[in-house]
Amino acid sequence: MKHTYKTLLLGLTLLTSAGVSAQTTFSYTGALQTYTVPAGVSSIEIEVHGAQGGDAANGGGLGAIMIGTFAVTPGQVLDLLVGGQGVINVSSSNGGGSGGGGSFVVDQATVTAMIVAGGGGGGCDGTSFESSYSQPYNATITDAQLGTSGATTTGGAGGGTAGNGGGAGFTDCCLTGNIGGSGGGGFLTDGTNGSTGVWGYPSNGGKAFVNGGAGGINGSADSFYPIPTGSGGFGGGGGSAMDNAFRAGGGGGYSGGQGAAYVNTATGYIWGGGGGSLNTGTAQTNSIGHTGDGEITITELCMGLVTSVSATDVCEGETVTLSASSTGTGTVTWDGGVVDGVPFTPPVGTTTYTATSDDPADCGFSVDITVNALPIVDAGTDVDACEGETVTLTGGGADTYVWDGGVTDGVPFTPAGGTTTFTVTGTVTATGCENTDVVDVNYTMVDEGVTVTGGTLSSDQAGATYQWIDCSTSAAMPGETNQDFTPTQNGDYAVIVTINGCSDTSACENIGGIGFNEQASAVWKLYPNPANTGFTIAGKGMFDFVIVNLGGQKILAGKKSSGEKIDVSMIAPGVYFVQVTGEFATSVHKVIIQ
């Protein structure tokens, strides 16, 4: 197993140009809008105007104007909601107006409010109703609040705090429960609904930002006067009670304002409270005074650098090239030892590289480069195999594997003889990073050939171990373990060759004409030949005999005296060899049994 590493140079270049500073204004739409921080921009100014409350004759409370500077990162997404002006009663002088919607800027990733301008409280024109009942008319309109608490009017549950919606107004009039307006919605919770009145028509509180409120213009109407009364959105709900008069909704914002209330005949009607505001930026300028629908303006405070990034997600060992230039006269430098426009090899992990200009008008630029580690690919241990066997190679350490040499991962194959090096490339699917490893396959093919030169036998396989055998008995020839073998007697011989743990046996080779056998044959005589039921071996003294067939298989063996008959009536007819071993000589005789 030998590890090698592969790196690829990416040719893709990602070009980013921040250009000059820009200003973007967002108007009221009733729906959520987004702003994405451009590349190269690290600081923005946000100016947020809350919407005015609604009132036909007098005008509702004024919205807040909040201005702050914020540090941001390129690609950061901000959610924006611009508040709408509160609904007014355009068909009757006795209708309640809803509170103005707050305007919000919220970090999308964390759902954290950055800057919020509260909306003004709702008012109403109740002069005709007032004159009819000879009750005082209170024309005090409550503007938005600069702090995080919503405005509280006389009576009721009060304005919201800490991002919550405002409370509803109430009444202590003879028609108890018919007069209170609803509270404005906050950042986290809805405004409280106003009282429903004897006819059961609600005055709905404004929706919180996190609950999807949409800006303070949605209304509800009662059966007497089918006109909007300002529920919903980040503005408060308008009054919707018995007669639909004087019920002003609280303004919406970071915290909602309280709904309007009828207190008593001496105090009269109290208009809706304005919504609270929030500013977490620096260099703040906060005031009250916005009329109409809300508005949000975002100004990028610096000149973006023109940048080039070859890649942001690479594999270990690959190079990255970063370049940045000023649109003005600034000189740009990189941190982390990076030289502008020169390829470098970042470390494994995620590293942030920042370019800065010596021109104060230029923005900084930061980019995260993620380097994925190469897999530790394993081709397995080296393989030794013998001729006729198959080999299976399987990679490890990655997700997918490709082998060279026509090999398929996990599929058996028969290699060529000798030693072959196979390379596997393993790839991690998630990152596309790859690495390689190699394995050697030693495939041994034994040469079982034998060359006969005169009376000497030689194995054709060099560099092996050898054992010569007597084919007539299949017995090993004692001490005959060399590549060459010279028999001392006639017979058939073969060699067992072993190399790299693989063994093979040669074909039997016949050696004849050796003088010693001729002398031995003169000592021991075999008759009759051909034989039928038996034959006799004559010589001197006792002898051992072994009868083998032409395949070298032992058929019969024993010990006899000279002239004693050997019974072969149970042996099948055929040609056999009889090896006779006496005290002084050994001979091999060919016999035919009929």
# chains A, B, ... in the order shown; residues from 1 in each chain; ligands from 1

call {"tool": "residues_around", "arguments": {"residues": "Glu316 of chain A", "least_positions_apart": "6", "cutoff": "6 Å", "atoms": "only C-alpha atoms", "output": "number ranges by chain"}}
result
A: 371-374

call {"tool": "residues_around", "arguments": {"residues": "Thr148 of chain A", "least_positions_apart": "6", "cutoff": "12 Å", "atoms": "only C-alpha atoms", "output": "list in words"}}
result
Ala64, Ala113, Ile115, Val116, Ala117, Gly118, Gly159, Gly160, Thr161, Ala162, Gly163, Asn164, Gly165, Gly166, Gly186, Phe187, Gly252, Gly253, Tyr254, Ser255, Gly256, Gly257, Gly274, Gly275, Gly276, Ser277, Leu278, Asn279 and Thr280 of chain A

call {"tool": "closest_residue", "arguments": {"among": "A:Thr110, A:Gln76, A:Thr498, A:Thr431", "to": "Tyr35 of chain A", "atoms": "only C-alpha atoms"}}
result
A:Gln76

call {"tool": "closest_residue", "arguments": {"among": "A:Gly294, A:Phe70, A:Ala283, A:Pro375", "to": "Phe26 of chain A", "atoms": "only C-alpha atoms"}}
result
A:Gly294

call {"tool": "residues_around", "arguments": {"residues": "segment 324-334 of chain A", "least_positions_apart": "3", "cutoff": "10 Å", "atoms": "only C-alpha atoms", "output": "compact mmCIF listing (two decimals) with C-alpha atoms, in the first residue's frame"}}
result
# COMPACT_ATOMS: atom_id res chain seq x y z
CA THR A 16 -17.07 40.37 -7.65
CA SER A 17 -17.29 44.14 -8.05
CA ALA A 18 -18.78 46.21 -5.28
CA GLY A 19 -18.64 49.46 -7.26
CA VAL A 20 -19.44 52.81 -5.66
CA GLY A 40 -17.12 44.59 -0.14
CA MET A 303 -16.60 52.30 -1.73
CA GLY A 304 -16.49 48.58 -2.47
CA LEU A 305 -13.26 47.01 -3.71
CA VAL A 306 -13.18 45.24 -7.06
CA THR A 307 -12.28 41.67 -6.14
CA SER A 308 -11.49 38.36 -7.80
CA VAL A 309 -11.60 35.01 -6.00
CA GLY A 337 0.50 36.39 4.11
CA VAL A 338 -1.50 36.52 0.88
CA VAL A 339 0.09 38.37 -2.02
CA ASP A 340 -2.46 39.98 -4.34
CA GLY A 341 -2.86 37.98 -7.55
CA TYR A 353 -8.86 36.42 4.34
CA THR A 354 -9.33 40.18 4.50
CA ALA A 355 -8.25 42.88 2.07
CA THR A 356 -7.90 46.47 3.30
CA SER A 357 -7.21 49.74 1.52
CA ASP A 358 -5.24 52.70 2.79
CA ASP A 359 -7.99 54.94 1.37
CA PRO A 360 -10.53 55.56 4.18
CA ALA A 361 -13.30 55.82 1.58
CA ASP A 362 -12.80 52.17 0.58
CA CYS A 363 -14.63 49.30 2.21
CA GLY A 364 -12.75 46.30 3.48
CA PHE A 365 -13.34 42.93 1.83
CA SER A 366 -13.38 39.51 3.51

call {"tool": "closest_residue", "arguments": {"among": "A:Val48, A:Val548, A:Val497, A:Val348", "to": "Asp460 of chain A", "atoms": "only C-alpha atoms"}}
result
A:Val497
